[in-house]
>>> print(open('run10.tsv').read())   # TSV, N, CA and C atoms
chain	number	residue	atom	x	y	z
A	134	MET	N	108.53	111.99	86.13
A	134	MET	CA	107.09	111.88	86.02
A	134	MET	C	106.61	110.63	86.76
A	135	LYS	N	105.41	110.72	87.25
A	135	LYS	CA	104.80	109.61	87.99
A	135	LYS	C	103.47	109.28	87.33
A	136	GLU	N	103.26	108.00	87.06
A	136	GLU	CA	101.99	107.54	86.51
A	136	GLU	C	101.10	107.08	87.65
A	137	ILE	N	99.86	107.55	87.64
A	137	ILE	CA	98.90	107.28	88.71
A	137	ILE	C	97.73	106.48	88.15
A	138	PHE	N	97.38	105.41	88.85
A	138	PHE	CA	96.21	104.60	88.50
A	138	PHE	C	94.98	105.19	89.19
A	139	VAL	N	93.88	105.30	88.45
A	139	VAL	CA	92.62	105.78	89.00
A	139	VAL	C	91.56	104.73	88.67
A	140	GLY	N	90.95	104.15	89.71
A	140	GLY	CA	89.94	103.12	89.50
A	140	GLY	C	88.59	103.51	90.08
A	141	ASN	N	87.59	102.74	89.72
A	141	ASN	CA	86.20	102.91	90.15
A	141	ASN	C	85.61	104.21	89.61
A	142	LEU	N	86.01	104.60	88.41
A	142	LEU	CA	85.47	105.80	87.78
A	142	LEU	C	84.06	105.54	87.25
A	143	PRO	N	83.21	106.54	87.27
A	143	PRO	CA	81.92	106.39	86.60
A	143	PRO	C	82.15	106.33	85.09
A	144	GLU	N	81.29	105.65	84.37
A	144	GLU	CA	81.47	105.51	82.92
A	144	GLU	C	81.45	106.85	82.20
A	145	SER	N	80.83	107.85	82.81
A	145	SER	CA	80.70	109.16	82.17
A	145	SER	C	81.97	110.01	82.29
A	146	ALA	N	82.96	109.58	83.07
A	146	ALA	CA	84.18	110.36	83.27
A	146	ALA	C	84.96	110.50	81.97
A	147	THR	N	85.51	111.69	81.77
A	147	THR	CA	86.29	111.97	80.56
A	147	THR	C	87.73	112.33	80.92
A	148	ASP	N	88.57	112.37	79.90
A	148	ASP	CA	89.95	112.80	80.11
A	148	ASP	C	89.98	114.21	80.70
A	149	ALA	N	89.12	115.08	80.20
A	149	ALA	CA	89.07	116.47	80.69
A	149	ALA	C	88.65	116.53	82.16
A	150	ASP	N	87.72	115.66	82.57
A	150	ASP	CA	87.31	115.61	83.98
A	150	ASP	C	88.50	115.27	84.87
A	151	LEU	N	89.28	114.28	84.46
A	151	LEU	CA	90.45	113.88	85.24
A	151	LEU	C	91.50	114.98	85.26
A	152	GLN	N	91.70	115.61	84.13
A	152	GLN	CA	92.65	116.72	84.04
A	152	GLN	C	92.27	117.80	85.06
A	153	ALA	N	91.00	118.15	85.11
A	153	ALA	CA	90.53	119.18	86.03
A	153	ALA	C	90.66	118.74	87.49
A	154	LEU	N	90.31	117.50	87.78
A	154	LEU	CA	90.37	116.98	89.15
A	154	LEU	C	91.80	116.96	89.67
A	155	PHE	N	92.71	116.42	88.88
A	155	PHE	CA	94.10	116.27	89.34
A	155	PHE	C	94.88	117.57	89.28
A	156	SER	N	94.51	118.49	88.41
A	156	SER	CA	95.25	119.74	88.30
A	156	SER	C	95.09	120.62	89.54
A	157	GLN	N	94.15	120.28	90.41
A	157	GLN	CA	94.03	120.99	91.69
A	157	GLN	C	95.27	120.77	92.56
A	158	TYR	N	96.05	119.72	92.25
A	158	TYR	CA	97.21	119.35	93.06
A	158	TYR	C	98.53	119.60	92.36
A	159	GLY	N	98.48	120.07	91.11
A	159	GLY	CA	99.71	120.36	90.39
A	159	GLY	C	99.53	120.15	88.90
A	160	ASP	N	100.62	120.32	88.17
A	160	ASP	CA	100.60	120.17	86.71
A	160	ASP	C	100.29	118.74	86.31
A	161	VAL	N	99.41	118.57	85.34
A	161	VAL	CA	99.06	117.26	84.81
A	161	VAL	C	99.63	117.16	83.40
A	162	THR	N	100.47	116.15	83.18
A	162	THR	CA	101.07	115.94	81.87
A	162	THR	C	100.08	115.26	80.92
A	163	SER	N	99.37	114.26	81.46
A	163	SER	CA	98.35	113.58	80.66
A	163	SER	C	97.32	112.94	81.58
A	164	ALA	N	96.12	112.77	81.04
A	164	ALA	CA	95.04	112.10	81.75
A	164	ALA	C	94.27	111.30	80.70
A	165	ARG	N	94.15	109.99	80.93
A	165	ARG	CA	93.56	109.13	79.90
A	165	ARG	C	92.64	108.09	80.53
A	166	VAL	N	91.36	108.15	80.17
A	166	VAL	CA	90.40	107.14	80.59
A	166	VAL	C	90.56	105.94	79.65
A	167	VAL	N	90.65	104.75	80.21
A	167	VAL	CA	90.80	103.53	79.40
A	167	VAL	C	89.42	103.13	78.90
A	168	ARG	N	89.33	102.89	77.60
A	168	ARG	CA	88.05	102.55	76.96
A	168	ARG	C	88.14	101.21	76.25
A	169	GLU	N	86.99	100.61	76.03
A	169	GLU	CA	86.92	99.36	75.26
A	169	GLU	C	87.55	99.60	73.88
A	170	GLU	N	88.12	98.55	73.31
A	170	GLU	CA	88.78	98.70	72.01
A	170	GLU	C	87.84	99.12	70.89
A	171	ARG	N	86.70	98.51	70.82
A	171	ARG	CA	85.80	98.74	69.68
A	171	ARG	C	84.65	99.69	69.97
A	172	THR	N	84.50	100.12	71.20
A	172	THR	CA	83.41	101.03	71.56
A	172	THR	C	83.96	102.16	72.43
A	173	PRO	N	83.21	103.23	72.59
A	173	PRO	CA	83.68	104.32	73.45
A	173	PRO	C	83.37	104.10	74.93
A	174	VAL	N	82.98	102.90	75.31
A	174	VAL	CA	82.59	102.61	76.68
A	174	VAL	C	83.82	102.58	77.59
A	175	SER	N	83.74	103.29	78.70
A	175	SER	CA	84.83	103.35	79.67
A	175	SER	C	84.97	102.02	80.40
A	176	LYS	N	86.21	101.66	80.72
A	176	LYS	CA	86.46	100.47	81.55
A	176	LYS	C	86.51	100.86	83.03
A	177	SER	N	86.13	102.10	83.34
A	177	SER	CA	86.07	102.63	84.71
A	177	SER	C	87.44	102.76	85.37
A	178	VAL	N	88.49	102.80	84.56
A	178	VAL	CA	89.85	103.06	85.07
A	178	VAL	C	90.52	104.10	84.17
A	179	ALA	N	91.54	104.73	84.75
A	179	ALA	CA	92.28	105.74	83.99
A	179	ALA	C	93.71	105.81	84.50
A	180	TYR	N	94.53	106.51	83.74
A	180	TYR	CA	95.91	106.77	84.13
A	180	TYR	C	96.17	108.26	83.98
A	181	VAL	N	96.77	108.83	85.02
A	181	VAL	CA	97.12	110.25	85.03
A	181	VAL	C	98.63	110.33	85.23
A	182	GLU	N	99.27	111.23	84.50
A	182	GLU	CA	100.70	111.41	84.65
A	182	GLU	C	100.96	112.85	85.10
A	183	MET	N	101.76	112.97	86.16
A	183	MET	CA	102.12	114.29	86.67
A	183	MET	C	103.49	114.21	87.34
A	184	PRO	N	104.15	115.34	87.53
A	184	PRO	CA	105.46	115.32	88.20
A	184	PRO	C	105.36	114.70	89.59
A	185	GLU	N	106.41	113.98	89.97
A	185	GLU	CA	106.42	113.27	91.26
A	185	GLU	C	106.13	114.19	92.44
A	186	LYS	N	106.61	115.43	92.38
A	186	LYS	CA	106.42	116.34	93.51
A	186	LYS	C	104.95	116.66	93.75
A	187	PHE	N	104.08	116.49	92.75
A	187	PHE	CA	102.65	116.72	92.91
A	187	PHE	C	101.87	115.42	93.08
A	188	ALA	N	102.40	114.33	92.55
A	188	ALA	CA	101.68	113.06	92.52
A	188	ALA	C	101.34	112.53	93.91
A	189	ALA	N	102.28	112.60	94.83
A	189	ALA	CA	102.05	112.06	96.18
A	189	ALA	C	100.86	112.75	96.86
A	190	LEU	N	100.79	114.06	96.74
A	190	LEU	CA	99.69	114.80	97.34
A	190	LEU	C	98.36	114.45	96.65
A	191	ALA	N	98.38	114.35	95.32
A	191	ALA	CA	97.16	114.00	94.59
A	191	ALA	C	96.66	112.61	95.00
A	192	ILE	N	97.57	111.65	95.12
A	192	ILE	CA	97.19	110.29	95.53
A	192	ILE	C	96.60	110.32	96.93
A	193	GLU	N	97.26	111.00	97.85
A	193	GLU	CA	96.79	111.06	99.24
A	193	GLU	C	95.41	111.70	99.34
A	194	CYS	N	95.20	112.77	98.60
A	194	CYS	CA	93.93	113.51	98.70
A	194	CYS	C	92.79	112.87	97.92
A	195	LEU	N	93.10	112.20	96.82
A	195	LEU	CA	92.02	111.70	95.96
A	195	LEU	C	91.68	110.22	96.17
A	196	ASN	N	92.53	109.45	96.82
A	196	ASN	CA	92.19	108.06	97.12
A	196	ASN	C	91.03	108.05	98.12
A	197	GLY	N	89.91	107.47	97.73
A	197	GLY	CA	88.72	107.45	98.58
A	197	GLY	C	87.81	108.65	98.37
A	198	HIS	N	88.23	109.60	97.53
A	198	HIS	CA	87.44	110.79	97.23
A	198	HIS	C	86.20	110.40	96.44
A	199	GLU	N	85.05	110.98	96.79
A	199	GLU	CA	83.83	110.68	96.05
A	199	GLU	C	83.77	111.56	94.80
A	200	PHE	N	83.63	110.91	93.66
A	200	PHE	CA	83.55	111.59	92.38
A	200	PHE	C	82.31	111.06	91.66
A	201	ARG	N	81.32	111.92	91.51
A	201	ARG	CA	80.05	111.51	90.87
A	201	ARG	C	79.49	110.23	91.48
A	202	THR	N	79.38	110.20	92.77
A	202	THR	CA	78.82	109.11	93.58
A	202	THR	C	79.69	107.85	93.64
A	203	ARG	N	80.89	107.89	93.09
A	203	ARG	CA	81.80	106.73	93.13
A	203	ARG	C	83.01	107.08	93.98
A	204	GLU	N	83.44	106.14	94.83
A	204	GLU	CA	84.63	106.34	95.66
A	204	GLU	C	85.85	105.93	94.84
A	205	LEU	N	86.69	106.89	94.52
A	205	LEU	CA	87.85	106.62	93.67
A	205	LEU	C	88.90	105.79	94.39
A	206	ILE	N	89.57	104.95	93.61
A	206	ILE	CA	90.74	104.20	94.06
A	206	ILE	C	91.92	104.81	93.32
A	207	VAL	N	92.82	105.43	94.05
A	207	VAL	CA	93.93	106.16	93.44
A	207	VAL	C	95.23	105.71	94.09
A	208	HIS	N	96.17	105.25	93.27
A	208	HIS	CA	97.49	104.89	93.77
A	208	HIS	C	98.49	104.88	92.63
A	209	SER	N	99.74	104.68	92.96
A	209	SER	CA	100.80	104.63	91.96
A	209	SER	C	100.50	103.52	90.95
A	210	ALA	N	100.66	103.82	89.68
A	210	ALA	CA	100.43	102.80	88.65
A	210	ALA	C	101.41	101.65	88.78
A	211	GLU	N	102.61	101.91	89.28
A	211	GLU	CA	103.59	100.84	89.47
A	211	GLU	C	103.09	99.83	90.49
A	212	THR	N	102.40	100.28	91.54
A	212	THR	CA	101.82	99.39	92.54
A	212	THR	C	100.77	98.49	91.90
A	213	SER	N	99.94	99.06	91.05
A	213	SER	CA	98.88	98.31	90.38
A	213	SER	C	99.47	97.20	89.51
A	214	ARG	N	100.50	97.54	88.75
A	214	ARG	CA	101.12	96.53	87.87
A	214	ARG	C	101.81	95.44	88.67
A	215	TRP	N	102.51	95.82	89.75
A	215	TRP	CA	103.20	94.84	90.58
A	215	TRP	C	102.21	93.87	91.18
A	216	GLN	N	101.10	94.35	91.71
A	216	GLN	CA	100.13	93.47	92.34
A	216	GLN	C	99.53	92.51	91.33
A	217	SER	N	99.21	92.98	90.13
A	217	SER	CA	98.62	92.08	89.15
A	217	SER	C	99.63	91.06	88.64
A	218	ASP	N	100.92	91.45	88.56
A	218	ASP	CA	101.95	90.52	88.11
A	218	ASP	C	102.27	89.47	89.18
A	219	LYS	N	102.33	89.87	90.42
A	219	LYS	CA	102.77	88.98	91.50
A	219	LYS	C	101.66	88.12	92.08
A	220	GLN	N	100.39	88.52	91.91
A	220	GLN	CA	99.30	87.80	92.51
A	220	GLN	C	98.21	87.50	91.47
A	221	PRO	N	98.54	86.78	90.42
A	221	PRO	CA	97.58	86.60	89.33
A	221	PRO	C	96.34	85.79	89.69
A	222	ASN	N	96.40	84.92	90.70
A	222	ASN	CA	95.24	84.08	91.00
A	222	ASN	C	94.52	84.47	92.28
A	223	LEU	N	94.89	85.59	92.88
A	223	LEU	CA	94.30	86.02	94.14
A	223	LEU	C	92.83	86.39	93.96
A	224	ALA	N	91.96	85.67	94.65
A	224	ALA	CA	90.53	85.96	94.67
A	224	ALA	C	89.95	86.16	93.28
A	225	ARG	N	90.18	85.25	92.41
A	225	ARG	CA	89.66	85.35	91.05
A	225	ARG	C	88.32	84.65	90.95
A	226	GLY	N	87.43	85.24	90.18
A	226	GLY	CA	86.15	84.62	89.90
A	226	GLY	C	86.32	83.58	88.81
A	227	SER	N	85.25	82.94	88.44
A	227	SER	CA	85.33	81.88	87.45
A	227	SER	C	85.76	82.40	86.08
A	228	ALA	N	85.47	83.68	85.81
A	228	ALA	CA	85.87	84.25	84.51
A	228	ALA	C	87.20	84.98	84.62
A	229	GLY	N	87.90	84.85	85.75
A	229	GLY	CA	89.18	85.50	85.91
A	229	GLY	C	89.08	86.92	86.41
A	230	THR	N	87.90	87.34	86.84
A	230	THR	CA	87.70	88.69	87.34
A	230	THR	C	88.12	88.77	88.79
A	231	SER	N	88.92	89.76	89.13
A	231	SER	CA	89.37	89.92	90.50
A	231	SER	C	88.30	90.61	91.34
A	232	PHE	N	88.09	90.11	92.55
A	232	PHE	CA	87.13	90.70	93.46
A	232	PHE	C	87.81	91.38	94.63
A	233	VAL	N	89.12	91.54	94.57
A	233	VAL	CA	89.88	92.15	95.65
A	233	VAL	C	90.15	93.60	95.30
A	234	ARG	N	89.83	94.51	96.21
A	234	ARG	CA	90.15	95.91	96.00
A	234	ARG	C	91.60	96.11	96.35
A	235	GLN	N	92.40	96.48	95.38
A	235	GLN	CA	93.82	96.68	95.59
A	235	GLN	C	94.06	98.17	95.77
A	236	ALA	N	94.33	98.57	97.00
A	236	ALA	CA	94.56	100.00	97.27
A	236	ALA	C	95.98	100.27	97.66
>>> encode(input="run10.tsv", output="structure tokens")
Amino acid sequence: MKEIFVGNLPESATDADLQALFSQYGDVTSARVVREERTPVSKSVAYVEMPEKFAALAIECLNGHEFRTRELIVHSAETSRWQSDKQPNLARGSAGTSFVRQA
């Protein structure tokens, strides 16, 4: 299985929306929009899990894809974690918010 990071989602996106979007490229094991702990507000990111044989095509086709007026950022979740672990101070704002698009 391959875990895929999906960023720049509109707040209205749901798990079912992601399931439908990614299932065009193969079987989806899970699709989960990350939400605030105490509220149902989306953090505009999600994780999708699908077999590796389908994941590469989904990443290639959906990275940069416009979804409800937002350009999606789609890549391997392992890449996302590695970049945040290895470059913790890269282009950080005063509150620690990153301003670098990691694709």
>>> residues_around(input="run10.tsv", residues="Pro143 in chain A", least_positions_apart="6", cutoff="8 Å", atoms="all atoms listed in the file", output="JSON list (two decimals) with N, CA and C atoms, in the frame of the given file")
[["chain", "number", "residue", "atom", "x", "y", "z"],
["A", 175, "SER", "N", 83.74, 103.29, 78.70],
["A", 175, "SER", "CA", 84.83, 103.35, 79.67],
["A", 175, "SER", "C", 84.97, 102.02, 80.40],
["A", 176, "LYS", "N", 86.21, 101.66, 80.72],
["A", 176, "LYS", "CA", 86.46, 100.47, 81.55],
["A", 176, "LYS", "C", 86.51, 100.86, 83.03],
["A", 177, "SER", "N", 86.13, 102.10, 83.34],
["A", 177, "SER", "CA", 86.07, 102.63, 84.71],
["A", 177, "SER", "C", 87.44, 102.76, 85.37],
["A", 178, "VAL", "N", 88.49, 102.80, 84.56],
["A", 178, "VAL", "CA", 89.85, 103.06, 85.07],
["A", 178, "VAL", "C", 90.52, 104.10, 84.17],
["A", 200, "PHE", "N", 83.63, 110.91, 93.66],
["A", 200, "PHE", "CA", 83.55, 111.59, 92.38],
["A", 200, "PHE", "C", 82.31, 111.06, 91.66],
["A", 201, "ARG", "N", 81.32, 111.92, 91.51],
["A", 201, "ARG", "CA", 80.05, 111.51, 90.87],
["A", 201, "ARG", "C", 79.49, 110.23, 91.48],
["A", 202, "THR", "N", 79.38, 110.20, 92.77],
["A", 202, "THR", "CA", 78.82, 109.11, 93.58],
["A", 202, "THR", "C", 79.69, 107.85, 93.64],
["A", 203, "ARG", "N", 80.89, 107.89, 93.09],
["A", 203, "ARG", "CA", 81.80, 106.73, 93.13],
["A", 203, "ARG", "C", 83.01, 107.08, 93.98],
["A", 204, "GLU", "N", 83.44, 106.14, 94.83],
["A", 204, "GLU", "CA", 84.63, 106.34, 95.66],
["A", 204, "GLU", "C", 85.85, 105.93, 94.84],
["A", 205, "LEU", "N", 86.69, 106.89, 94.52],
["A", 205, "LEU", "CA", 87.85, 106.62, 93.67],
["A", 205, "LEU", "C", 88.90, 105.79, 94.39]]
>>> atom_distance(input="run10.tsv", atom1="CA of Ser163 in chain A", atom2="CA of Glu185 in chain A")
13.3 Å
>>> closest_residue(input="run10.tsv", among="A:Leu142, A:Val174, A:Ile137, A:Ala149", to="Ala189 in chain A", atoms="only C-alpha atoms")
A:Ile137
>>> select_by_dssp(input="run10.tsv", residues="range 148-220 of chain A", states="alpha helix (DSSP H)", output="PDB file with N, CA and C atoms, in the coordinates of the input")
ATOM      1  N   ASP A 148      88.570 112.370  79.900  1.00  0.00           N
ATOM      2  CA  ASP A 148      89.950 112.800  80.110  1.00  0.00           C
ATOM      3  C   ASP A 148      89.980 114.210  80.700  1.00  0.00           C
ATOM      4  N   ALA A 149      89.120 115.080  80.200  1.00  0.00           N
ATOM      5  CA  ALA A 149      89.070 116.470  80.690  1.00  0.00           C
ATOM      6  C   ALA A 149      88.650 116.530  82.160  1.00  0.00           C
ATOM      7  N   ASP A 150      87.720 115.660  82.570  1.00  0.00           N
ATOM      8  CA  ASP A 150      87.310 115.610  83.980  1.00  0.00           C
ATOM      9  C   ASP A 150      88.500 115.270  84.870  1.00  0.00           C
ATOM     10  N   LEU A 151      89.280 114.280  84.460  1.00  0.00           N
ATOM     11  CA  LEU A 151      90.450 113.880  85.240  1.00  0.00           C
ATOM     12  C   LEU A 151      91.500 114.980  85.260  1.00  0.00           C
ATOM     13  N   GLN A 152      91.700 115.610  84.130  1.00  0.00           N
ATOM     14  CA  GLN A 152      92.650 116.720  84.040  1.00  0.00           C
ATOM     15  C   GLN A 152      92.270 117.800  85.060  1.00  0.00           C
ATOM     16  N   ALA A 153      91.000 118.150  85.110  1.00  0.00           N
ATOM     17  CA  ALA A 153      90.530 119.180  86.030  1.00  0.00           C
ATOM     18  C   ALA A 153      90.660 118.740  87.490  1.00  0.00           C
ATOM     19  N   LEU A 154      90.310 117.500  87.780  1.00  0.00           N
ATOM     20  CA  LEU A 154      90.370 116.980  89.150  1.00  0.00           C
ATOM     21  C   LEU A 154      91.800 116.960  89.670  1.00  0.00           C
ATOM     22  N   PHE A 155      92.710 116.420  88.880  1.00  0.00           N
ATOM     23  CA  PHE A 155      94.100 116.270  89.340  1.00  0.00           C
ATOM     24  C   PHE A 155      94.880 117.570  89.280  1.00  0.00           C
ATOM     25  N   GLU A 185     106.410 113.980  89.970  1.00  0.00           N
ATOM     26  CA  GLU A 185     106.420 113.270  91.260  1.00  0.00           C
ATOM     27  C   GLU A 185     106.130 114.190  92.440  1.00  0.00           C
ATOM     28  N   LYS A 186     106.610 115.430  92.380  1.00  0.00           N
ATOM     29  CA  LYS A 186     106.420 116.340  93.510  1.00  0.00           C
ATOM     30  C   LYS A 186     104.950 116.660  93.750  1.00  0.00           C
ATOM     31  N   PHE A 187     104.080 116.490  92.750  1.00  0.00           N
ATOM     32  CA  PHE A 187     102.650 116.720  92.910  1.00  0.00           C
ATOM     33  C   PHE A 187     101.870 115.420  93.080  1.00  0.00           C
ATOM     34  N   ALA A 188     102.400 114.330  92.550  1.00  0.00           N
ATOM     35  CA  ALA A 188     101.680 113.060  92.520  1.00  0.00           C
ATOM     36  C   ALA A 188     101.340 112.530  93.910  1.00  0.00           C
ATOM     37  N   ALA A 189     102.280 112.600  94.830  1.00  0.00           N
ATOM     38  CA  ALA A 189     102.050 112.060  96.180  1.00  0.00           C
ATOM     39  C   ALA A 189     100.860 112.750  96.860  1.00  0.00           C
ATOM     40  N   LEU A 190     100.790 114.060  96.740  1.00  0.00           N
ATOM     41  CA  LEU A 190      99.690 114.800  97.340  1.00  0.00           C
ATOM     42  C   LEU A 190      98.360 114.450  96.650  1.00  0.00           C
ATOM     43  N   ALA A 191      98.380 114.350  95.320  1.00  0.00           N
ATOM     44  CA  ALA A 191      97.160 114.000  94.590  1.00  0.00           C
ATOM     45  C   ALA A 191      96.660 112.610  95.000  1.00  0.00           C
ATOM     46  N   ILE A 192      97.570 111.650  95.120  1.00  0.00           N
ATOM     47  CA  ILE A 192      97.190 110.290  95.530  1.00  0.00           C
ATOM     48  C   ILE A 192      96.600 110.320  96.930  1.00  0.00           C
ATOM     49  N   GLU A 193      97.260 111.000  97.850  1.00  0.00           N
ATOM     50  CA  GLU A 193      96.790 111.060  99.240  1.00  0.00           C
ATOM     51  C   GLU A 193      95.410 111.700  99.340  1.00  0.00           C
ATOM     52  N   CYS A 194      95.200 112.770  98.600  1.00  0.00           N
ATOM     53  CA  CYS A 194      93.930 113.510  98.700  1.00  0.00           C
ATOM     54  C   CYS A 194      92.790 112.870  97.920  1.00  0.00           C
ATOM     55  N   LEU A 195      93.100 112.200  96.820  1.00  0.00           N
ATOM     56  CA  LEU A 195      92.020 111.700  95.960  1.00  0.00           C
ATOM     57  C   LEU A 195      91.680 110.220  96.170  1.00  0.00           C
ATOM     58  N   ALA A 210     100.660 103.820  89.680  1.00  0.00           N
ATOM     59  CA  ALA A 210     100.430 102.800  88.650  1.00  0.00           C
ATOM     60  C   ALA A 210     101.410 101.650  88.780  1.00  0.00           C
ATOM     61  N   GLU A 211     102.610 101.910  89.280  1.00  0.00           N
ATOM     62  CA  GLU A 211     103.590 100.840  89.470  1.00  0.00           C
ATOM     63  C   GLU A 211     103.090  99.830  90.490  1.00  0.00           C
ATOM     64  N   THR A 212     102.400 100.280  91.540  1.00  0.00           N
ATOM     65  CA  THR A 212     101.820  99.390  92.540  1.00  0.00           C
ATOM     66  C   THR A 212     100.770  98.490  91.900  1.00  0.00           C
ATOM     67  N   SER A 213      99.940  99.060  91.050  1.00  0.00           N
ATOM     68  CA  SER A 213      98.880  98.310  90.380  1.00  0.00           C
ATOM     69  C   SER A 213      99.470  97.200  89.510  1.00  0.00           C
ATOM     70  N   ARG A 214     100.500  97.540  88.750  1.00  0.00           N
ATOM     71  CA  ARG A 214     101.120  96.530  87.870  1.00  0.00           C
ATOM     72  C   ARG A 214     101.810  95.440  88.670  1.00  0.00           C
ATOM     73  N   TRP A 215     102.510  95.820  89.750  1.00  0.00           N
ATOM     74  CA  TRP A 215     103.200  94.840  90.580  1.00  0.00           C
ATOM     75  C   TRP A 215     102.210  93.870  91.180  1.00  0.00           C
ATOM     76  N   GLN A 216     101.100  94.350  91.710  1.00  0.00           N
ATOM     77  CA  GLN A 216     100.130  93.470  92.340  1.00  0.00           C
ATOM     78  C   GLN A 216      99.530  92.510  91.330  1.00  0.00           C
ATOM     79  N   SER A 217      99.210  92.980  90.130  1.00  0.00           N
ATOM     80  CA  SER A 217      98.620  92.080  89.150  1.00  0.00           C
ATOM     81  C   SER A 217      99.630  91.060  88.640  1.00  0.00           C
ATOM     82  N   ASP A 218     100.920  91.450  88.560  1.00  0.00           N
ATOM     83  CA  ASP A 218     101.950  90.520  88.110  1.00  0.00           C
ATOM     84  C   ASP A 218     102.270  89.470  89.180  1.00  0.00           C
ATOM     85  N   LYS A 219     102.330  89.870  90.420  1.00  0.00           N
ATOM     86  CA  LYS A 219     102.770  88.980  91.500  1.00  0.00           C
ATOM     87  C   LYS A 219     101.660  88.120  92.080  1.00  0.00           C
TER      88      LYS A 219
END
>>> residues_around(input="run10.tsv", residues="Ala191 in chain A", least_positions_apart="3", cutoff="8 Å", atoms="only N, CA and C atoms", output="number ranges by chain")
A: 154-155, 157-159, 186-188, 194-196, 207-208
>>> axis_aligned_box(input="run10.tsv", around="range 147-161 of chain A", padding_each_side="5 Å", output="AutoDock Vina command-line options")
--center_x 93.1 --center_y 116.3 --center_z 86.5 --size_x 25.1 --size_y 19.3 --size_z 23.2
>>> residues_near_point(input="run10.tsv", point="(97.8, 109.0, 79.7)", cutoff="7 Å", atoms="all atoms listed in the file", output="mmCIF file with N, CA and C atoms, keeping the file's coordinate frame")
data_model
loop_
_atom_site.group_PDB
_atom_site.id
_atom_site.type_symbol
_atom_site.label_atom_id
_atom_site.label_comp_id
_atom_site.auth_asym_id
_atom_site.auth_seq_id
_atom_site.Cartn_x
_atom_site.Cartn_y
_atom_site.Cartn_z
ATOM 1 N N THR A 162 100.470 116.150 83.180
ATOM 2 C CA THR A 162 101.070 115.940 81.870
ATOM 3 C C THR A 162 100.080 115.260 80.920
ATOM 4 N N SER A 163 99.370 114.260 81.460
ATOM 5 C CA SER A 163 98.350 113.580 80.660
ATOM 6 C C SER A 163 97.320 112.940 81.580
ATOM 7 N N ALA A 164 96.120 112.770 81.040
ATOM 8 C CA ALA A 164 95.040 112.100 81.750
ATOM 9 C C ALA A 164 94.270 111.300 80.700
ATOM 10 N N ARG A 165 94.150 109.990 80.930
ATOM 11 C CA ARG A 165 93.560 109.130 79.900
ATOM 12 C C ARG A 165 92.640 108.090 80.530
ATOM 13 N N VAL A 166 91.360 108.150 80.170
ATOM 14 C CA VAL A 166 90.400 107.140 80.590
ATOM 15 C C VAL A 166 90.560 105.940 79.650
ATOM 16 N N TYR A 180 94.530 106.510 83.740
ATOM 17 C CA TYR A 180 95.910 106.770 84.130
ATOM 18 C C TYR A 180 96.170 108.260 83.980
ATOM 19 N N VAL A 181 96.770 108.830 85.020
ATOM 20 C CA VAL A 181 97.120 110.250 85.030
ATOM 21 C C VAL A 181 98.630 110.330 85.230
ATOM 22 N N GLU A 182 99.270 111.230 84.500
ATOM 23 C CA GLU A 182 100.700 111.410 84.650
ATOM 24 C C GLU A 182 100.960 112.850 85.100
#
>>> atom_distance(input="run10.tsv", atom1="atom C of Glu199 in chain A", atom2="CA of Arg171 in chain A")
28.3 Å
>>> atom_distance(input="run10.tsv", atom1="atom C of Ser209 in chain A", atom2="atom N of Val161 in chain A")
16.1 Å
>>> closest_residue(input="run10.tsv", among="A:Met183, A:Ala153, A:Ile192, A:Ile206", to="Val139 in chain A", atoms="only N, CA and C atoms")
A:Ile206
>>> decode(input="run10.tsv", residues="range 134-145 of chain A", atoms="N, CA and C atoms", output="short mmCIF file (atom, residue, chain, number, x, y, z; two decimals), in the first residue's frame")
data_model
loop_
_atom_site.label_atom_id
_atom_site.label_comp_id
_atom_site.auth_asym_id
_atom_site.auth_seq_id
_atom_site.Cartn_x
_atom_site.Cartn_y
_atom_site.Cartn_z
N MET A 134 0.84 -1.19 0.00
CA MET A 134 0.00 0.00 0.00
C MET A 134 0.88 1.25 0.00
N LYS A 135 0.36 2.28 -0.59
CA LYS A 135 1.07 3.56 -0.68
C LYS A 135 0.18 4.64 -0.10
N GLU A 136 0.74 5.45 0.80
CA GLU A 136 0.02 6.57 1.36
C GLU A 136 0.35 7.82 0.56
N ILE A 137 -0.68 8.55 0.18
CA ILE A 137 -0.54 9.73 -0.68
C ILE A 137 -1.00 10.97 0.10
N PHE A 138 -0.18 12.01 0.05
CA PHE A 138 -0.52 13.30 0.65
C PHE A 138 -1.28 14.13 -0.38
N VAL A 139 -2.36 14.77 0.05
CA VAL A 139 -3.14 15.65 -0.81
C VAL A 139 -3.26 16.99 -0.08
N GLY A 140 -2.73 18.06 -0.70
CA GLY A 140 -2.77 19.38 -0.08
C GLY A 140 -3.53 20.38 -0.93
N ASN A 141 -3.80 21.52 -0.32
CA ASN A 141 -4.52 22.64 -0.92
C ASN A 141 -5.97 22.27 -1.25
N LEU A 142 -6.57 21.44 -0.40
CA LEU A 142 -7.97 21.06 -0.58
C LEU A 142 -8.89 22.20 -0.16
N PRO A 143 -10.03 22.35 -0.80
CA PRO A 143 -11.01 23.29 -0.31
C PRO A 143 -11.58 22.76 1.01
N GLU A 144 -12.01 23.65 1.89
CA GLU A 144 -12.53 23.22 3.19
C GLU A 144 -13.76 22.33 3.06
N SER A 145 -14.46 22.44 1.95
CA SER A 145 -15.69 21.66 1.76
C SER A 145 -15.43 20.21 1.34
#
